[in-house]
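Just coords-v5.cif here, mmCIF, C-alpha atoms:
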```cif
data_final
loop_
_atom_site.group_PDB
_atom_site.id
_atom_site.type_symbol
_atom_site.label_atom_id
_atom_site.label_comp_id
_atom_site.auth_asym_id
_atom_site.auth_seq_id
_atom_site.Cartn_x
_atom_site.Cartn_y
_atom_site.Cartn_z
ATOM 1 C CA MET A 1 -181.133 -214.530 -156.684
ATOM 2 C CA GLU A 2 -184.631 -215.172 -155.359
ATOM 3 C CA PHE A 3 -184.508 -212.092 -153.112
ATOM 4 C CA LEU A 4 -183.313 -210.055 -156.107
ATOM 5 C CA LEU A 5 -186.330 -211.292 -158.088
ATOM 6 C CA ILE A 6 -188.583 -210.270 -155.198
ATOM 7 C CA ALA A 7 -187.080 -206.764 -155.167
ATOM 8 C CA LEU A 8 -187.516 -206.503 -158.956
ATOM 9 C CA ALA A 9 -191.109 -207.677 -158.600
ATOM 10 C CA GLY A 10 -191.632 -204.998 -155.957
ATOM 11 C CA PHE A 11 -190.208 -202.397 -158.331
ATOM 12 C CA ALA A 12 -192.467 -203.572 -161.147
ATOM 13 C CA GLY A 13 -195.345 -203.557 -158.696
ATOM 14 C CA SER A 14 -194.637 -199.882 -158.028
ATOM 15 C CA PHE A 15 -196.842 -199.124 -161.021
ATOM 16 C CA HIS A 16 -199.659 -200.852 -159.167
ATOM 17 C CA CYS A 17 -198.695 -198.963 -155.991
ATOM 18 C CA LEU A 18 -199.075 -195.661 -157.834
ATOM 19 C CA GLY A 19 -202.742 -196.450 -158.308
ATOM 20 C CA MET A 20 -203.316 -197.965 -154.852
ATOM 21 C CA CYS A 21 -201.133 -195.867 -152.519
ATOM 22 C CA GLY A 22 -199.824 -193.090 -154.760
ATOM 23 C CA GLY A 23 -202.795 -190.873 -153.909
ATOM 24 C CA LEU A 24 -202.093 -191.328 -150.213
ATOM 25 C CA ALA A 25 -198.449 -190.359 -150.704
ATOM 26 C CA CYS A 26 -199.582 -187.251 -152.596
ATOM 27 C CA ALA A 27 -202.049 -186.471 -149.806
ATOM 28 C CA LEU A 28 -199.132 -186.447 -147.390
ATOM 29 C CA GLY A 29 -197.907 -183.469 -149.384
ATOM 30 C CA GLY A 30 -194.822 -181.361 -148.925
ATOM 31 C CA ASP A 31 -193.253 -179.753 -145.905
ATOM 32 C CA PRO A 32 -193.472 -175.931 -145.739
ATOM 33 C CA ARG A 33 -189.874 -175.838 -144.477
ATOM 34 C CA GLY A 34 -188.512 -176.734 -147.911
ATOM 35 C CA ARG A 35 -187.411 -179.521 -150.241
ATOM 36 C CA ARG A 36 -185.085 -181.265 -147.790
ATOM 37 C CA ALA A 37 -187.793 -181.422 -145.140
ATOM 38 C CA THR A 38 -190.235 -182.739 -147.741
ATOM 39 C CA VAL A 39 -187.835 -185.533 -148.757
ATOM 40 C CA LEU A 40 -187.337 -186.421 -145.089
ATOM 41 C CA ARG A 41 -191.115 -186.412 -144.592
ATOM 42 C CA HIS A 42 -191.642 -188.919 -147.392
ATOM 43 C CA LEU A 43 -188.674 -191.045 -146.343
ATOM 44 C CA THR A 44 -190.211 -191.256 -142.877
ATOM 45 C CA TYR A 45 -193.572 -192.211 -144.363
ATOM 46 C CA ASN A 46 -192.050 -194.961 -146.509
ATOM 47 C CA THR A 47 -189.983 -196.211 -143.571
ATOM 48 C CA GLY A 48 -193.216 -196.749 -141.679
ATOM 49 C CA ARG A 49 -194.814 -198.499 -144.659
ATOM 50 C CA VAL A 50 -191.872 -200.868 -145.213
ATOM 51 C CA THR A 51 -191.614 -201.518 -141.466
ATOM 52 C CA THR A 52 -195.203 -202.762 -141.506
ATOM 53 C CA TYR A 53 -194.394 -205.086 -144.407
ATOM 54 C CA VAL A 54 -191.414 -206.504 -142.494
ATOM 55 C CA PHE A 55 -193.556 -206.949 -139.372
ATOM 56 C CA LEU A 56 -196.283 -208.738 -141.342
ATOM 57 C CA GLY A 57 -193.623 -210.858 -143.040
ATOM 58 C CA ALA A 58 -192.192 -211.916 -139.671
ATOM 59 C CA LEU A 59 -195.689 -212.888 -138.505
ATOM 60 C CA ALA A 60 -196.271 -214.860 -141.715
ATOM 61 C CA GLY A 61 -192.933 -216.624 -141.280
ATOM 62 C CA ALA A 62 -193.748 -217.494 -137.675
ATOM 63 C CA LEU A 63 -197.146 -218.857 -138.732
ATOM 64 C CA GLY A 64 -195.588 -220.828 -141.561
ATOM 65 C CA GLY A 65 -192.980 -222.211 -139.179
ATOM 66 C CA ALA A 66 -195.685 -223.301 -136.741
ATOM 67 C CA ILE A 67 -197.434 -225.189 -139.560
ATOM 68 C CA ILE A 68 -194.254 -226.786 -140.855
ATOM 69 C CA HIS A 69 -192.944 -227.866 -137.455
ATOM 70 C CA HIS A 70 -196.252 -229.340 -136.318
ATOM 71 C CA GLY A 71 -194.991 -232.817 -135.580
ATOM 72 C CA PRO A 72 -192.180 -234.528 -133.680
ATOM 73 C CA SER A 73 -190.482 -236.212 -136.628
ATOM 74 C CA ALA A 74 -188.824 -234.950 -139.791
ATOM 75 C CA GLU A 75 -191.464 -236.457 -142.094
ATOM 76 C CA PRO A 76 -194.340 -234.162 -140.993
ATOM 77 C CA LEU A 77 -191.903 -231.230 -141.160
ATOM 78 C CA VAL A 78 -191.030 -231.912 -144.805
ATOM 79 C CA ALA A 79 -194.673 -232.563 -145.698
ATOM 80 C CA GLY A 80 -195.707 -229.303 -144.042
ATOM 81 C CA GLN A 81 -193.043 -227.389 -146.010
ATOM 82 C CA ARG A 82 -194.292 -228.882 -149.272
ATOM 83 C CA ILE A 83 -197.951 -228.193 -148.534
ATOM 84 C CA LEU A 84 -197.172 -224.606 -147.557
ATOM 85 C CA SER A 85 -195.121 -224.092 -150.738
ATOM 86 C CA ILE A 86 -197.973 -225.454 -152.864
ATOM 87 C CA ALA A 87 -200.531 -223.222 -151.120
ATOM 88 C CA ALA A 88 -198.300 -220.135 -151.352
ATOM 89 C CA GLY A 89 -197.407 -220.790 -154.998
ATOM 90 C CA THR A 90 -201.055 -221.272 -155.932
ATOM 91 C CA LEU A 91 -202.025 -218.039 -154.182
ATOM 92 C CA MET A 92 -199.230 -216.142 -155.947
ATOM 93 C CA LEU A 93 -200.368 -217.516 -159.311
ATOM 94 C CA ILE A 94 -203.939 -216.347 -158.601
ATOM 95 C CA MET A 95 -202.737 -212.913 -157.495
ATOM 96 C CA GLY A 96 -200.480 -212.668 -160.556
ATOM 97 C CA ALA A 97 -203.410 -213.561 -162.823
ATOM 98 C CA GLN A 98 -205.377 -210.691 -161.277
ATOM 99 C CA PHE A 99 -202.875 -208.269 -162.816
ATOM 100 C CA PHE A 100 -203.929 -209.587 -166.229
ATOM 101 C CA GLY A 101 -207.627 -209.050 -165.532
ATOM 102 C CA TYR A 102 -208.602 -212.476 -164.192
ATOM 103 C CA PHE A 103 -210.351 -213.223 -160.875
ATOM 104 C CA ARG A 104 -211.746 -209.666 -160.727
ATOM 105 C CA ALA A 105 -214.393 -210.591 -158.176
ATOM 106 C CA LEU A 106 -211.691 -211.885 -155.854
ATOM 107 C CA HIS A 107 -209.676 -208.709 -156.430
ATOM 108 C CA ARG A 108 -212.605 -206.519 -155.359
ATOM 109 C CA ALA A 109 -213.177 -208.664 -152.278
ATOM 110 C CA THR A 110 -209.539 -208.600 -151.141
ATOM 111 C CA VAL A 111 -209.070 -204.878 -151.743
ATOM 112 C CA GLY A 112 -212.316 -203.963 -149.996
ATOM 113 C CA LEU A 113 -211.598 -206.111 -146.938
ATOM 114 C CA GLY A 114 -211.246 -203.733 -143.987
ATOM 115 C CA GLY A 115 -210.010 -200.912 -146.184
ATOM 116 C CA LYS A 116 -212.596 -198.276 -145.262
ATOM 117 C CA GLY A 117 -211.679 -198.110 -141.584
ATOM 118 C CA LEU A 118 -207.981 -197.827 -142.399
ATOM 119 C CA VAL A 119 -208.602 -195.034 -144.905
ATOM 120 C CA VAL A 120 -210.459 -193.047 -142.240
ATOM 121 C CA SER A 121 -207.474 -193.479 -139.910
ATOM 122 C CA LEU A 122 -205.113 -192.344 -142.672
ATOM 123 C CA ARG A 123 -207.107 -189.184 -143.291
ATOM 124 C CA SER A 124 -206.852 -188.205 -139.640
ATOM 125 C CA LEU A 125 -203.096 -188.882 -139.662
ATOM 126 C CA VAL A 126 -202.511 -186.618 -142.667
ATOM 127 C CA ALA A 127 -203.778 -183.640 -140.696
ATOM 128 C CA ALA A 128 -201.992 -184.593 -137.465
ATOM 129 C CA PRO A 129 -199.122 -182.283 -136.425
ATOM 130 C CA GLY A 130 -195.677 -183.411 -135.342
ATOM 131 C CA PRO A 131 -192.789 -185.341 -136.926
ATOM 132 C CA GLY A 132 -194.265 -188.690 -135.887
ATOM 133 C CA ALA A 133 -197.349 -188.266 -138.081
ATOM 134 C CA PRO A 134 -195.672 -189.333 -141.390
ATOM 135 C CA LEU A 135 -194.234 -192.427 -139.688
ATOM 136 C CA ALA A 136 -197.618 -193.400 -138.255
ATOM 137 C CA PHE A 137 -199.191 -192.628 -141.641
ATOM 138 C CA GLY A 138 -196.824 -195.087 -143.326
ATOM 139 C CA VAL A 139 -197.333 -197.762 -140.663
ATOM 140 C CA VAL A 140 -201.120 -197.670 -141.089
ATOM 141 C CA ASN A 141 -200.761 -197.470 -144.883
ATOM 142 C CA GLY A 142 -198.845 -200.754 -144.790
ATOM 143 C CA PHE A 143 -201.931 -202.531 -143.439
ATOM 144 C CA LEU A 144 -204.134 -201.488 -146.367
ATOM 145 C CA PRO A 145 -205.532 -204.521 -148.243
ATOM 146 C CA CYS A 146 -203.467 -205.136 -151.368
ATOM 147 C CA PRO A 147 -203.271 -208.259 -153.588
ATOM 148 C CA LEU A 148 -199.568 -207.609 -154.214
ATOM 149 C CA VAL A 149 -198.804 -207.571 -150.485
ATOM 150 C CA TYR A 150 -200.936 -210.673 -149.922
ATOM 151 C CA ALA A 151 -199.007 -212.540 -152.619
ATOM 152 C CA PHE A 152 -195.629 -211.797 -151.066
ATOM 153 C CA LEU A 153 -196.905 -212.539 -147.578
ATOM 154 C CA ALA A 154 -197.792 -215.992 -148.909
ATOM 155 C CA LYS A 155 -194.249 -216.248 -150.250
ATOM 156 C CA ALA A 156 -192.912 -215.152 -146.848
ATOM 157 C CA ALA A 157 -195.037 -217.743 -145.033
ATOM 158 C CA ALA A 158 -193.657 -220.475 -147.298
ATOM 159 C CA THR A 159 -190.144 -219.838 -145.945
ATOM 160 C CA GLY A 160 -191.300 -221.244 -142.606
ATOM 161 C CA ALA A 161 -188.975 -218.998 -140.603
ATOM 162 C CA VAL A 162 -189.126 -215.456 -139.233
ATOM 163 C CA ALA A 163 -185.819 -214.077 -140.583
ATOM 164 C CA PRO A 164 -186.134 -215.076 -144.277
ATOM 165 C CA ALA A 165 -189.823 -214.143 -144.233
ATOM 166 C CA ALA A 166 -189.023 -210.673 -142.874
ATOM 167 C CA LEU A 167 -186.214 -210.358 -145.455
ATOM 168 C CA THR A 168 -188.669 -211.325 -148.217
ATOM 169 C CA MET A 169 -190.987 -208.471 -147.275
ATOM 170 C CA LEU A 170 -188.056 -206.076 -146.786
ATOM 171 C CA CYS A 171 -186.865 -206.772 -150.346
ATOM 172 C CA PHE A 172 -190.398 -206.308 -151.622
ATOM 173 C CA GLY A 173 -190.830 -203.037 -149.717
ATOM 174 C CA LEU A 174 -187.476 -201.658 -150.865
ATOM 175 C CA GLY A 175 -188.429 -202.499 -154.430
ATOM 176 C CA THR A 176 -191.521 -200.294 -154.162
ATOM 177 C CA LEU A 177 -189.555 -197.448 -152.564
ATOM 178 C CA PRO A 178 -188.312 -195.519 -155.666
ATOM 179 C CA ALA A 179 -191.755 -195.024 -157.205
ATOM 180 C CA MET A 180 -193.358 -194.163 -153.884
ATOM 181 C CA LEU A 181 -190.653 -191.592 -153.114
ATOM 182 C CA PHE A 182 -191.125 -189.829 -156.420
ATOM 183 C CA THR A 183 -194.789 -190.640 -156.858
ATOM 184 C CA GLY A 184 -195.855 -187.089 -157.717
ATOM 185 C CA GLY A 185 -193.433 -186.723 -160.609
ATOM 186 C CA ILE A 186 -193.811 -190.285 -161.854
ATOM 187 C CA GLY A 187 -197.586 -190.028 -161.687
ATOM 188 C CA ARG A 188 -197.471 -187.039 -164.048
ATOM 189 C CA LEU A 189 -194.855 -188.437 -166.417
ATOM 190 C CA LEU A 190 -196.140 -191.967 -166.917
ATOM 191 C CA ALA A 191 -198.903 -192.424 -169.439
ATOM 192 C CA PRO A 192 -201.730 -194.864 -168.579
ATOM 193 C CA LEU A 193 -200.391 -197.258 -171.226
ATOM 194 C CA TRP A 194 -197.005 -197.504 -169.494
ATOM 195 C CA ARG A 195 -198.692 -197.942 -166.139
ATOM 196 C CA ARG A 196 -200.658 -200.881 -167.514
ATOM 197 C CA ARG A 197 -197.472 -202.380 -168.923
ATOM 198 C CA GLY A 198 -195.788 -202.009 -165.554
ATOM 199 C CA VAL A 199 -198.697 -203.709 -163.821
ATOM 200 C CA ARG A 200 -198.492 -206.605 -166.281
ATOM 201 C CA LEU A 201 -194.753 -206.821 -165.680
ATOM 202 C CA ALA A 202 -195.475 -207.127 -161.958
ATOM 203 C CA GLY A 203 -198.006 -209.847 -162.747
ATOM 204 C CA GLY A 204 -195.376 -211.666 -164.799
ATOM 205 C CA PHE A 205 -192.931 -211.607 -161.889
ATOM 206 C CA LEU A 206 -195.648 -212.948 -159.596
ATOM 207 C CA LEU A 207 -196.464 -215.767 -161.997
ATOM 208 C CA ALA A 208 -192.772 -216.693 -162.265
ATOM 209 C CA LEU A 209 -192.190 -216.637 -158.497
ATOM 210 C CA GLY A 210 -195.473 -218.447 -157.897
ATOM 211 C CA THR A 211 -194.473 -221.184 -160.340
ATOM 212 C CA LEU A 212 -191.080 -221.613 -158.643
ATOM 213 C CA THR A 213 -192.732 -221.782 -155.218
ATOM 214 C CA LEU A 214 -195.338 -224.246 -156.438
ATOM 215 C CA LEU A 215 -192.727 -226.491 -158.068
ATOM 216 C CA ARG A 216 -190.691 -226.427 -154.869
ATOM 217 C CA GLY A 217 -193.608 -228.166 -153.198
ATOM 218 C CA LEU A 218 -194.622 -230.449 -156.072
ATOM 219 C CA LEU A 219 -191.297 -231.715 -157.399
ATOM 220 C CA PRO A 220 -190.173 -233.668 -154.304
ATOM 221 C CA TRP A 221 -193.455 -235.557 -154.307
ATOM 222 C CA THR A 222 -193.199 -236.162 -158.064
ATOM 223 C CA LEU A 223 -189.608 -237.430 -157.774
ATOM 224 C CA HIS A 224 -190.571 -239.607 -154.822
ATOM 225 C CA SER A 225 -193.450 -241.135 -156.818
ATOM 226 C CA MET A 226 -191.152 -241.796 -159.791
ATOM 227 C CA HIS A 227 -188.648 -243.495 -157.484
#
```
Target format structure tokens, applied to this file:
Amino acid sequence: MEFLLIALAGFAGSFHCLGMCGGLACALGGDPRGRRATVLRHLTYNTGRVTTYVFLGALAGALGGAIIHHGPSAEPLVAGQRILSIAAGTLMLIMGAQFFGYFRALHRATVGLGGKGLVVSLRSLVAAPGPGAPLAFGVVNGFLPCPLVYAFLAKAAATGAVAPAALTMLCFGLGTLPAMLFTGGIGRLLAPLWRRRGVRLAGGFLLALGTLTLLRGLLPWTLHSMH
């Protein structure tokens, strides 16, 4: 159920992706060989993008696992899991609030972090010949600074293991896939009002998942204190 919520949050976040990465997908353009080749071109691009998310998720899970398992006994392990859940849930709540217009200064800082160099690389990849260019374009695109990606990387880190963390980011990436595949048509059909509603829906999912993650860390301590 939690992975389903993550995929739905990724789908809702597609409205945000249209503003962040939709222009890059449009810049990739069509294939002169026809519609089928164009679809394959964009599938390849999105495969690269989602692959980067899965890779980053695996790294986050490994890092989270290293934090959780720092200690020979079970007590530090449980404490590490709780602390990581609290940190991840708090970060997700902050990122979710950004979709409602709060923490705008933080939003500008996170989006601008290292983005210029990656955009330059993306521009050179758009013009590169060969079938590997769309894949490389998607891989580099996946590293672009994005509050939505950061939020789910925090969620992935809170799992404390590589496999569920990678699966978290896979579900998120697959959720963003429909809008990114049809970004040209959706970008023309959706009015700005509906885009804003979609972004707020994504923020709502983030707030819900952030609350669940935060409570996962807080409740055991609360119950222990009550006992």
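Separating CA of Glu2 in chain A from CA of Met95 in chain A is a distance of 18.4 Å.
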Applying 9 Å and only C-alpha atoms, which residues near Arg49 in chain A remain after dropping the ones on its own chain fewer than 5 positions away? List them as an NGL selection string. :A and (44 or 54 or 135-143 or 173)
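Between CA of Pro164 in chain A and CA of Pro134 in chain A the separation is 27.6 Å.
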Could you expand the PyMOL selection byres ((chain A and resi 91) around 9) into the explicit residues it covers here, written as a PyMOL selection string? chain A and resi 86-90+92-96+150-151+154-155+210
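Here, the PyMOL selection byres ((chain A and resi 169) around 8) matches A:Val50, A:Tyr53, A:Val54, A:Leu56, A:Gly57, A:Phe152, A:Leu153, A:Ala156, A:Ala165, A:Ala166, A:Leu167, A:Thr168, A:Leu170, A:Cys171, A:Phe172, A:Gly173.
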Residues from the last selection, C-alpha atoms, saved as an mmCIF file, in the frame of the given file:
```
data_model
loop_
_atom_site.group_PDB
_atom_site.id
_atom_site.type_symbol
_atom_site.label_atom_id
_atom_site.label_comp_id
_atom_site.auth_asym_id
_atom_site.auth_seq_id
_atom_site.Cartn_x
_atom_site.Cartn_y
_atom_site.Cartn_z
ATOM 1 C CA VAL A 50 -191.872 -200.868 -145.213
ATOM 2 C CA TYR A 53 -194.394 -205.086 -144.407
ATOM 3 C CA VAL A 54 -191.414 -206.504 -142.494
ATOM 4 C CA LEU A 56 -196.283 -208.738 -141.342
ATOM 5 C CA GLY A 57 -193.623 -210.858 -143.040
ATOM 6 C CA PHE A 152 -195.629 -211.797 -151.066
ATOM 7 C CA LEU A 153 -196.905 -212.539 -147.578
ATOM 8 C CA ALA A 156 -192.912 -215.152 -146.848
ATOM 9 C CA ALA A 165 -189.823 -214.143 -144.233
ATOM 10 C CA ALA A 166 -189.023 -210.673 -142.874
ATOM 11 C CA LEU A 167 -186.214 -210.358 -145.455
ATOM 12 C CA THR A 168 -188.669 -211.325 -148.217
ATOM 13 C CA LEU A 170 -188.056 -206.076 -146.786
ATOM 14 C CA CYS A 171 -186.865 -206.772 -150.346
ATOM 15 C CA PHE A 172 -190.398 -206.308 -151.622
ATOM 16 C CA GLY A 173 -190.830 -203.037 -149.717
#
```
Hits from the PyMOL selection byres ((chain A and resi 43) around 10), listed as number ranges by chain: A: 37-42, 44-49, 134-135, 138, 177, 180-181
Selected residues written out with C-alpha atoms, as an mmCIF file, in the frame of the given file:
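Result written to again_36.cif:
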```cif
data_model
loop_
_atom_site.group_PDB
_atom_site.id
_atom_site.type_symbol
_atom_site.label_atom_id
_atom_site.label_comp_id
_atom_site.auth_asym_id
_atom_site.auth_seq_id
_atom_site.Cartn_x
_atom_site.Cartn_y
_atom_site.Cartn_z
ATOM 1 C CA ALA A 37 -187.793 -181.422 -145.140
ATOM 2 C CA THR A 38 -190.235 -182.739 -147.741
ATOM 3 C CA VAL A 39 -187.835 -185.533 -148.757
ATOM 4 C CA LEU A 40 -187.337 -186.421 -145.089
ATOM 5 C CA ARG A 41 -191.115 -186.412 -144.592
ATOM 6 C CA HIS A 42 -191.642 -188.919 -147.392
ATOM 7 C CA THR A 44 -190.211 -191.256 -142.877
ATOM 8 C CA TYR A 45 -193.572 -192.211 -144.363
ATOM 9 C CA ASN A 46 -192.050 -194.961 -146.509
ATOM 10 C CA THR A 47 -189.983 -196.211 -143.571
ATOM 11 C CA GLY A 48 -193.216 -196.749 -141.679
ATOM 12 C CA ARG A 49 -194.814 -198.499 -144.659
ATOM 13 C CA PRO A 134 -195.672 -189.333 -141.390
ATOM 14 C CA LEU A 135 -194.234 -192.427 -139.688
ATOM 15 C CA GLY A 138 -196.824 -195.087 -143.326
ATOM 16 C CA LEU A 177 -189.555 -197.448 -152.564
ATOM 17 C CA MET A 180 -193.358 -194.163 -153.884
ATOM 18 C CA LEU A 181 -190.653 -191.592 -153.114
#
```
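With all atoms listed in the file as the atoms that count, the residue of A:Thr159, A:Gln98, A:Gln81, A:Thr176 with the shortest distance to Gly217 in chain A is A:Gln81.
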Is it possible to get the residues within 9 Å of (-196.0, -228.8, -155.2) (coordinates as in the file, counting all atoms listed in the file) written as a ChimeraX atom specification? /A:82-87,89,213-222
What separation in Å, quoted to one decimal, exists between CA of Pro147 in chain A and CA of Met1 in chain A? 23.2 Å
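Among the candidates A:Gly203, A:Phe100, A:Ile6, A:Leu59, the one nearest to Val162 in chain A when counting all atoms listed in the file is A:Leu59.
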Do you know which residues are at most 8 Å from Gly65 in chain A counting only C-alpha atoms, after dropping those on the same chain fewer than 2 positions away, and could you put them as a PyMOL selection string? chain A and resi 61-63+67-69+157+159-162
